[in-house]
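Structure record follows, encoded as structure tokens.
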Amino acid sequence: MNRLLAEPLLRRRHMVSRAAVATFLAGLALTAVLFGVARQLEADSARADFSQRTAVRTAAVTRAFSEAVSDLRSLNLLFAANGGAISRDAFDAFAQPLTTRNGYLLALEYHRFVSAAERPAFEAERRRYWPGFVIRERGPGGLVPAAPRERYLVADYIVPIASNAPVYGYDAWSNPQQRQFTQQAIDTGLPTASPLLRLVQGDGSLRGVLVTMPVYRGGADLSSETGRWRATLGCTTVVLDAALLVGGSLHAGRLLSMGDYTLTLYGYTGDGRRVAVFRHPGAPAPLSPLERWFGGGPATITRSFDVAGTRWEMETQRLTRRLDTQAGSLSILGYGLFLSGAAGWLVQQRGARTRRIESLVERRTADLAMTAGALRLHQRAIEAAANPILMISATRPGYPIEYANPSCERTLGYGEGELVGMPLATLARQGSDEPGLEELRQALYECRKGHALVRQAARDGRELVSEVYLAPVNDEYGRTEHFVVTTYDVTMAKRYEAELAHRARYDTLTGLANRALLSDRIERAIAVANGNPVWTVALDIDHFKLINDTLGRRLGDDALRAIAARIAGAMRQADTAARTGGDDFVLVLCGCLDERQAATQVQAVRDAIAEPMPIHDQVLVFGSSAGVAGYPVDGEDPETLVKHAEVAMYRAKETGRNGVQFYAPHMNAHATDRLALEGALRGALRNDQFELYFQPQVDLGSGRVVGTEALIRWRHPHLGTVRPDRFIALAEETGLIVPIGAWVLRTACRQNQHWQRAGFGPLRVGVNLSARQFSEPDLVQTVQRVLDETGLGADSLEIELTESMMMADVESAIDTMRCLKAMGVTLSIDDFGTGYSSLAYLKRFPVDVLKIDQSFVRDIVGSPDGAAMVDAIISLAHGLRMHVIAEGVETLAQLDYLRGCGCDEVQGHIYGRPGRVEDVEPLLRMGWMEPTPEHA
């Protein structure tokens with residue numbers, strides 16, 4: 001029986017108790033949570049480090065490409081500065097240092113356009129320099145003499161010539177891929193990169209990249225694509241070894257030591273294939289499952305960037321995380337497993353005792369396990385903490401350091417254990433007497449918590465800005481034995497904060513005050529003026545937009561910086577200069593007692609700006625327009641003063657620019673009126689406030705009405721009838737003339753088509769085009785679309801142009817006029833004789849009609865010179881096979897003289913004033929008209 005009772009007891013001794021299992025599982029759960037948190041923190045840190053490394057390498061490669069393009073721009077500027085005429089020696093002297101400095105530049109080349117007619121002389125001339133020279137192209141077996149073509153793009157200047165001898169004389173135009181991106185460069189005038197190409201250098205296996213920029217003839221008009229093609233002399237080209245560029249730039253920056261990372265640069269060929277140009281250190285080996293588990297598997301970051309219009313991709317792959325970056329999580333896992341097993345074993349050992357003793361032992365064991373784990377975890381957490389942590393003695397003089405975690409040693413630049421024993425004051429900046437330090441001293445003295453922002457000195461002399469937290473550590477009796485000091489490095493944050501504060505008040509380009517600081521400076525100047533004048537000056541650089549449009553924004557920014565420096569140098573210390581946007585500046589002048597003194601100071605600034613300014617091998621001369629408003633007469637707050645100064649400045653620009661205007665109240669009224677008129681004009685087309693008047697045009701031989709001229713009128717519900725000479729110029733300035741002109745064209749064509757369908761005969765309608773409309777690139781398409789929509793025949797539309805708009809860009813004007821003529825539209829020159837056209841250009845214009853301006857018609861009676869002028873215009877027009885229409889005919893004497901001179905058609909008050917559709921239709925219905933002096 002005793003045996004029967006003993007057997008269950010033995011079985012219970014060898015059974016695992018539920019308490020032991022629960023303790024072990026709880027330890028595993030806690031270990032898993034801590035391990036997961038630590039592993040996630042390590043992964044986040046690794047990802048941030050990986051992303052930063054990738055960004056640094058991408059920036060290095062991008063900068064290398066940018067330097068290559070900058071070298072190309074420098075070479076191109078050499079040609080531009082010399083009008084495209086550069087000798088071979090000058091080219092070599094300029095390009096040789098660039099290729100020597102940058103090994104990835106395989107060649108710097110100048111390709112010259114050579115026509116088929118110029119080829120024999122060109123080849124003969126180059127043979128004197130290079131025996132056996134001939135223009136060549138790629139053949140099946142290498143380079144062969146180029147086949148006859150209309151034009152060639154020949155490599156004429158090459159540096160270095162020794163390693164690029166096969167390229168000399170190579171016709172780049174024979175290569176379709178090279179011709180394609182070269183055409184794009186000429187079209188845009190910008191550096192343009194090729195896709196990956198197999199270069200002529202070497203055996204043709206080397207892949208490289210060409211970046212090309214056109215060379216234009218000096219003084220040529222480059223505002224249009226056609227003009228750029230006519231002005232192109234050739235192209236400057238830089239030949240890059242992409243792999244050498246990437247490897248060299250990364251090696252120079254010591255960025256190739258990647259460790260467990262691989263880096264690959266991809267480019268694209270002409271057919272869109274993605275090609276690996278550079279790879280370091282090579283293709284990664286496959287990872288084992290254990291490595292994948294430890295490292296989390298490969299991670300890839302791909303960054304794209306653009307080089308002169310060609311896309312590149314930098315791909316960085318992190319293979320696995322190193323074990324030394326996972327020490328914290330692995331330590332937590334190991335200690336957690338060990339402590340969980342130990343706790344379970346201790347509980348199991350007490351399992352045979354009574355329930356009460358067993359419960360007591362289990363609780364104590366659990367407490368012990370938790371305490372031991374927490375202590376070790378706390379120690380590990382402190383050592384792994386990213387922020388510096390110190391433990392200092394509260395009982396020894398000088399508060400010596402008893403413990404410093406690794407982050408503290410790294411941050412302050414000390415080795416392991418070197419900080420132990422040093423006084424706490426050693427870490428403060430020498431000679432520092434900051435409020436933050438005094439707060440910490442008081443907290444130490446009072447044995448309480450403390451917090452302050454202080455400046456620290458690192459071992460290498462760096463200054464750190466830190467948030468310092470001080471906390472006392474007390475014993476069981478409440479006495480403070482130690483202090484825990486935790487610091488947070490906020491140096492970069494404070495620098496960014498200071499930078500943002502500076503940018504919020506100063507212009508980032510010029511360093512002058514911005515709008516926000518300007519308002520504060522005006523208020524301060526008013527506050528200390530004691531009733532004396534404070535002058536606010538709005539200053540604008542005349543025609544500065546032309547600099548950006550012709551020479552580029554980079555040179556424009558340099559010019560703005562130089563102008564700002566001159567403005568600041570010409571002003572007194574008590575005054576303020578601000579840049580409020582673009583080329584607009586505002587000055588605040590103090591101490592000028594009257595307008596004369598203020599004008600003298602403003603003129604000093606304008607004189608400084610007007611001095612010739614050398615920038616980037618260019619010498620620029622700027623004029624300026626200024627408007628001045630004075631406190632308290634012209635305004636008592638910054639907003640009003642600046643507004644009135646700008647009104648005066650706009651008045652200075654309207655009166656011819658390059659001058660100074662002081663504000664007067666009537667200027668504000670003028671500006672307000674103009675603003676109101678502009679606002680009304682923007683809604684006039686939408687609200688159907690425009691209407692067309694038509695004036696008949698009569699054939700002098702038969703008296704028949706052969707056409708009309710459409711004239712726009714604006715009837716505003718509040719402003720009344722607004723004269724065309726008042727709103728047409730404003731519409732031109734604001735760009736509204738384009739939609740208004742399109743409305744006039746469409747409405748006139750629709751009305752003329754209505755008259756023709758009503759049986760009024762084959763009338764034509766004349767429509768005036770503005771200079772802005774004529775320069776629109778889609779003018780021809782707009783006219784064709786209107787004719788298609790209205791159904792009017794092209795021969796029933798007459799487009800009237802002025803001499804000045806055609807002379808602005810003669811070649812482009814001729815192309816546009818030829819396209820209109822090809823449609824069948826009649827073209828006329830309005831107000832002939834009042835412009836500045838040349839007879840040499842007149843015979844090239846495809847014009848059908850000359851319209852004699854009414855100022856000449858008015859003088860034909862009673863003025864022999866006026867009559868001779870009209871007679872000469874009619875003879876000239878007939879000699880060039882053009883019709884003549886005389887405008888502004890008001891008397892029978894004028895009509896008789898024009899009939900005697902052979903004038904074809906007339907329009908004017910003698911036959912009828914411009915009128916609405918309902919007023920003109922009866923005259924058109926009759927089909928002919930008699931001259932009536934009453935109409936005049």
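If you're wondering about the labels, chains in the structure tokens are A, B, ... by order shown, residues count from 1 in each chain, ligands from 1 in order shown.
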
Check the DSSP output for the backbone and give back, as an MDAnalysis selection string, the residues of stretch 784-852 of chain A in helix (DSSP H, G or I). chainID A and resid 784:790 794:796 803:807 810:823 839:842

Write a file of the just-selected residues containing N, CA and C atoms, as a compact mmCIF listing (two decimals), in the first residue's frame.
# COMPACT_ATOMS: atom_id res chain seq x y z
N GLN A 784 -7.38 78.87 -90.44
CA GLN A 784 -7.99 77.75 -91.16
C GLN A 784 -9.20 77.20 -90.39
N ARG A 785 -9.07 77.11 -89.06
CA ARG A 785 -10.17 76.60 -88.26
C ARG A 785 -11.39 77.52 -88.34
N VAL A 786 -11.17 78.85 -88.33
CA VAL A 786 -12.28 79.80 -88.41
C VAL A 786 -12.97 79.68 -89.77
N LEU A 787 -12.19 79.56 -90.84
CA LEU A 787 -12.79 79.41 -92.17
C LEU A 787 -13.60 78.13 -92.26
N ASP A 788 -13.10 77.04 -91.67
CA ASP A 788 -13.84 75.78 -91.70
C ASP A 788 -15.12 75.89 -90.88
N GLU A 789 -15.06 76.55 -89.72
CA GLU A 789 -16.25 76.65 -88.87
C GLU A 789 -17.33 77.52 -89.49
N THR A 790 -16.92 78.64 -90.13
CA THR A 790 -17.91 79.58 -90.67
C THR A 790 -18.33 79.24 -92.09
N ALA A 794 -11.71 81.17 -98.48
CA ALA A 794 -10.49 81.89 -98.11
C ALA A 794 -10.29 83.15 -98.92
N ASP A 795 -10.78 83.17 -100.21
CA ASP A 795 -10.60 84.35 -101.05
C ASP A 795 -11.51 85.50 -100.64
N SER A 796 -12.45 85.25 -99.71
CA SER A 796 -13.34 86.31 -99.22
C SER A 796 -12.83 86.93 -97.93
N GLU A 803 3.22 97.51 -91.25
CA GLU A 803 4.64 97.36 -91.61
C GLU A 803 5.48 96.98 -90.40
N SER A 804 5.19 97.56 -89.23
CA SER A 804 6.05 97.36 -88.07
C SER A 804 6.02 95.92 -87.60
N MET A 805 4.86 95.26 -87.62
CA MET A 805 4.80 93.88 -87.12
C MET A 805 5.55 92.92 -88.04
N MET A 806 5.63 93.24 -89.33
CA MET A 806 6.36 92.36 -90.25
C MET A 806 7.86 92.57 -90.15
N MET A 807 8.28 93.80 -89.81
CA MET A 807 9.71 94.08 -89.74
C MET A 807 10.34 93.59 -88.45
N VAL A 810 11.60 89.52 -89.95
CA VAL A 810 11.23 89.49 -91.37
C VAL A 810 11.09 88.07 -91.88
N GLU A 811 12.07 87.21 -91.60
CA GLU A 811 12.03 85.86 -92.15
C GLU A 811 10.84 85.07 -91.63
N SER A 812 10.59 85.17 -90.33
CA SER A 812 9.44 84.48 -89.76
C SER A 812 8.13 85.04 -90.32
N ALA A 813 8.08 86.37 -90.52
CA ALA A 813 6.87 86.98 -91.08
C ALA A 813 6.62 86.49 -92.50
N ILE A 814 7.66 86.37 -93.28
CA ILE A 814 7.50 85.88 -94.66
C ILE A 814 6.98 84.45 -94.66
N ASP A 815 7.50 83.60 -93.77
CA ASP A 815 7.02 82.22 -93.71
C ASP A 815 5.54 82.17 -93.36
N THR A 816 5.12 82.97 -92.36
CA THR A 816 3.70 82.99 -91.97
C THR A 816 2.83 83.50 -93.11
N MET A 817 3.27 84.56 -93.79
CA MET A 817 2.47 85.12 -94.88
C MET A 817 2.35 84.15 -96.04
N ARG A 818 3.40 83.40 -96.32
CA ARG A 818 3.33 82.41 -97.39
C ARG A 818 2.34 81.30 -97.06
N CYS A 819 2.29 80.90 -95.79
CA CYS A 819 1.32 79.88 -95.40
C CYS A 819 -0.11 80.40 -95.56
N LEU A 820 -0.34 81.66 -95.18
CA LEU A 820 -1.68 82.24 -95.36
C LEU A 820 -2.03 82.37 -96.84
N LYS A 821 -1.05 82.79 -97.66
CA LYS A 821 -1.30 82.90 -99.09
C LYS A 821 -1.61 81.55 -99.70
N ALA A 822 -0.93 80.49 -99.21
CA ALA A 822 -1.20 79.15 -99.73
C ALA A 822 -2.64 78.72 -99.46
N MET A 823 -3.24 79.24 -98.41
CA MET A 823 -4.65 78.94 -98.12
C MET A 823 -5.59 79.69 -99.05
N LEU A 839 12.02 98.92 -99.05
CA LEU A 839 11.49 98.48 -100.34
C LEU A 839 12.10 97.13 -100.74
N ALA A 840 13.33 96.86 -100.23
CA ALA A 840 13.94 95.56 -100.53
C ALA A 840 13.14 94.43 -99.92
N TYR A 841 12.58 94.66 -98.72
CA TYR A 841 11.74 93.64 -98.10
C TYR A 841 10.34 93.63 -98.71
N LEU A 842 9.84 94.82 -99.14
CA LEU A 842 8.49 94.90 -99.67
C LEU A 842 8.30 93.99 -100.87

Non-local contacts of stretch 566-578 of chain A (7 Å; only C-alpha atoms; under 4 positions in same chain excluded) as a ChimeraX atom specification: /A:512-514,518,562,585-590,604-605,608-609

Name the residues in contact with A:Ile541 at a cut-off of 12 Å, using only C-alpha atoms, excluding same-chain residues fewer than 2 positions from it; report them as number ranges by chain. A: 538-539, 543-547, 556, 559-560, 563-564, 567, 579, 581-586, 605-606, 609-610, 621-626, 649-650, 652-653, 657-659

Those residues you just picked out, can you put them in a file as an mmCIF file, in the first residue's frame with C-alpha atoms?
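Listed below is the output, selection21.cif:
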data_model
loop_
_atom_site.group_PDB
_atom_site.id
_atom_site.type_symbol
_atom_site.label_atom_id
_atom_site.label_comp_id
_atom_site.auth_asym_id
_atom_site.auth_seq_id
_atom_site.Cartn_x
_atom_site.Cartn_y
_atom_site.Cartn_z
ATOM 1 C CA ALA A 538 10.590 101.332 -55.446
ATOM 2 C CA LEU A 539 13.450 100.491 -57.827
ATOM 3 C CA HIS A 543 14.541 95.355 -69.408
ATOM 4 C CA PHE A 544 16.084 92.815 -67.028
ATOM 5 C CA LYS A 545 13.838 90.066 -68.423
ATOM 6 C CA LEU A 546 15.909 90.261 -71.601
ATOM 7 C CA ILE A 547 18.962 89.067 -69.636
ATOM 8 C CA GLY A 556 20.699 86.603 -64.464
ATOM 9 C CA ALA A 559 23.723 89.853 -62.208
ATOM 10 C CA LEU A 560 21.065 90.305 -59.504
ATOM 11 C CA ILE A 563 23.305 94.692 -58.560
ATOM 12 C CA ALA A 564 22.279 94.065 -54.945
ATOM 13 C CA ILE A 567 22.884 99.015 -54.157
ATOM 14 C CA ARG A 579 14.565 92.705 -52.728
ATOM 15 C CA GLY A 581 10.903 89.743 -56.061
ATOM 16 C CA GLY A 582 12.472 89.331 -59.519
ATOM 17 C CA ASP A 583 14.379 92.519 -60.352
ATOM 18 C CA ASP A 584 12.306 94.647 -57.955
ATOM 19 C CA PHE A 585 14.043 96.396 -55.044
ATOM 20 C CA VAL A 586 12.744 98.701 -52.320
ATOM 21 C CA VAL A 605 22.185 104.296 -56.136
ATOM 22 C CA ARG A 606 21.128 104.501 -59.803
ATOM 23 C CA ILE A 609 23.793 100.354 -60.919
ATOM 24 C CA ALA A 610 24.546 102.047 -64.262
ATOM 25 C CA VAL A 621 24.961 97.968 -68.548
ATOM 26 C CA PHE A 622 21.674 98.424 -66.692
ATOM 27 C CA GLY A 623 19.268 101.312 -66.425
ATOM 28 C CA SER A 624 16.753 101.652 -63.620
ATOM 29 C CA SER A 625 13.389 103.280 -62.973
ATOM 30 C CA ALA A 626 12.544 104.540 -59.493
ATOM 31 C CA MET A 649 7.826 103.737 -60.329
ATOM 32 C CA TYR A 650 5.297 102.470 -62.927
ATOM 33 C CA ALA A 652 8.499 106.462 -64.445
ATOM 34 C CA LYS A 653 8.460 103.382 -66.706
ATOM 35 C CA ARG A 657 12.087 104.398 -68.196
ATOM 36 C CA ASN A 658 15.502 105.137 -66.674
ATOM 37 C CA GLY A 659 14.211 107.984 -64.535
#

Where does DSSP see strand (DSSP E or B) in stretch 673-919 of chain A, if you list the residues as a VMD selection string? chain A and resid 690 to 699 704 to 716 720 to 722 764 to 768 797 to 802 826 to 832 849 to 852 883 to 887 905 to 907 915

Those selected residues, please, written with C-alpha atoms and delivered as a PDB file, in the first residue's frame.
ATOM      1  CA  PHE A 690     -17.957  93.808 -78.012  1.00  0.00           C
ATOM      2  CA  GLU A 691     -19.604  94.408 -81.385  1.00  0.00           C
ATOM      3  CA  LEU A 692     -18.320  94.876 -84.936  1.00  0.00           C
ATOM      4  CA  TYR A 693     -18.816  97.920 -87.142  1.00  0.00           C
ATOM      5  CA  PHE A 694     -18.267  97.602 -90.887  1.00  0.00           C
ATOM      6  CA  GLN A 695     -17.114 100.283 -93.379  1.00  0.00           C
ATOM      7  CA  PRO A 696     -17.753  99.673 -97.115  1.00  0.00           C
ATOM      8  CA  GLN A 697     -14.911  99.504 -99.627  1.00  0.00           C
ATOM      9  CA  VAL A 698     -15.883 100.756-103.132  1.00  0.00           C
ATOM     10  CA  ASP A 699     -14.290  99.991-106.505  1.00  0.00           C
ATOM     11  CA  ARG A 704     -19.560  98.646-106.758  1.00  0.00           C
ATOM     12  CA  VAL A 705     -19.220  97.702-103.124  1.00  0.00           C
ATOM     13  CA  VAL A 706     -16.538  95.004-103.208  1.00  0.00           C
ATOM     14  CA  GLY A 707     -15.932  94.528 -99.490  1.00  0.00           C
ATOM     15  CA  THR A 708     -15.954  95.864 -95.954  1.00  0.00           C
ATOM     16  CA  GLU A 709     -13.466  96.436 -93.168  1.00  0.00           C
ATOM     17  CA  ALA A 710     -14.430  95.068 -89.729  1.00  0.00           C
ATOM     18  CA  LEU A 711     -13.789  97.465 -86.826  1.00  0.00           C
ATOM     19  CA  ILE A 712     -14.281  96.536 -83.150  1.00  0.00           C
ATOM     20  CA  ARG A 713     -16.267  98.654 -80.701  1.00  0.00           C
ATOM     21  CA  TRP A 714     -16.664  98.175 -76.906  1.00  0.00           C
ATOM     22  CA  ARG A 715     -19.837  99.285 -75.172  1.00  0.00           C
ATOM     23  CA  HIS A 716     -19.525  98.908 -71.399  1.00  0.00           C
ATOM     24  CA  GLY A 720     -20.001 103.732 -71.804  1.00  0.00           C
ATOM     25  CA  THR A 721     -18.366 103.536 -75.228  1.00  0.00           C
ATOM     26  CA  VAL A 722     -14.630 102.888 -74.787  1.00  0.00           C
ATOM     27  CA  ARG A 764     -14.646  90.230 -98.977  1.00  0.00           C
ATOM     28  CA  VAL A 765     -14.128  91.311 -95.372  1.00  0.00           C
ATOM     29  CA  GLY A 766     -10.947  92.894 -94.028  1.00  0.00           C
ATOM     30  CA  VAL A 767      -9.747  92.028 -90.500  1.00  0.00           C
ATOM     31  CA  ASN A 768      -6.834  93.743 -88.746  1.00  0.00           C
ATOM     32  CA  LEU A 797     -11.074  87.068 -96.249  1.00  0.00           C
ATOM     33  CA  GLU A 798      -8.519  89.893 -96.293  1.00  0.00           C
ATOM     34  CA  ILE A 799      -6.025  89.996 -93.406  1.00  0.00           C
ATOM     35  CA  GLU A 800      -4.574  93.450 -92.797  1.00  0.00           C
ATOM     36  CA  LEU A 801      -1.035  93.702 -91.407  1.00  0.00           C
ATOM     37  CA  THR A 802       1.084  96.710 -90.448  1.00  0.00           C
ATOM     38  CA  THR A 826      -5.787  88.015 -99.376  1.00  0.00           C
ATOM     39  CA  LEU A 827      -3.023  89.932 -97.568  1.00  0.00           C
ATOM     40  CA  SER A 828      -2.805  93.731 -97.311  1.00  0.00           C
ATOM     41  CA  ILE A 829      -0.409  96.195 -95.693  1.00  0.00           C
ATOM     42  CA  ASP A 830      -2.428  98.676 -93.624  1.00  0.00           C
ATOM     43  CA  ASP A 831      -1.350 102.322 -93.102  1.00  0.00           C
ATOM     44  CA  PHE A 832       1.362 101.963 -95.732  1.00  0.00           C
ATOM     45  CA  VAL A 849      -3.020  95.061-101.433  1.00  0.00           C
ATOM     46  CA  LEU A 850      -1.446  98.303-100.186  1.00  0.00           C
ATOM     47  CA  LYS A 851      -3.687 100.571 -98.113  1.00  0.00           C
ATOM     48  CA  ILE A 852      -2.691 104.254 -98.248  1.00  0.00           C
ATOM     49  CA  HIS A 883      -4.032  96.614-105.660  1.00  0.00           C
ATOM     50  CA  VAL A 884      -4.322  99.960-103.874  1.00  0.00           C
ATOM     51  CA  ILE A 885      -6.998 101.038-101.382  1.00  0.00           C
ATOM     52  CA  ALA A 886      -7.061 104.627-100.111  1.00  0.00           C
ATOM     53  CA  GLU A 887      -8.363 105.128 -96.568  1.00  0.00           C
ATOM     54  CA  GLU A 905     -10.543 101.136-104.335  1.00  0.00           C
ATOM     55  CA  VAL A 906     -11.402 103.642-101.620  1.00  0.00           C
ATOM     56  CA  GLN A 907     -13.092 103.711 -98.242  1.00  0.00           C
ATOM     57  CA  GLY A 915     -21.763 101.356 -88.882  1.00  0.00           C
TER      58      GLY A 915
END

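Residue nearest A:Cys901, chosen from A:Arg136, A:Arg746, A:His878, A:Arg651 and counting only C-alpha atoms: A:His878.
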
Using only C-alpha atoms, can you tell me which of A:Gly478, A:Pro638, A:Gly218, A:Gly927 comes closest to A:Leu78? A:Gly218
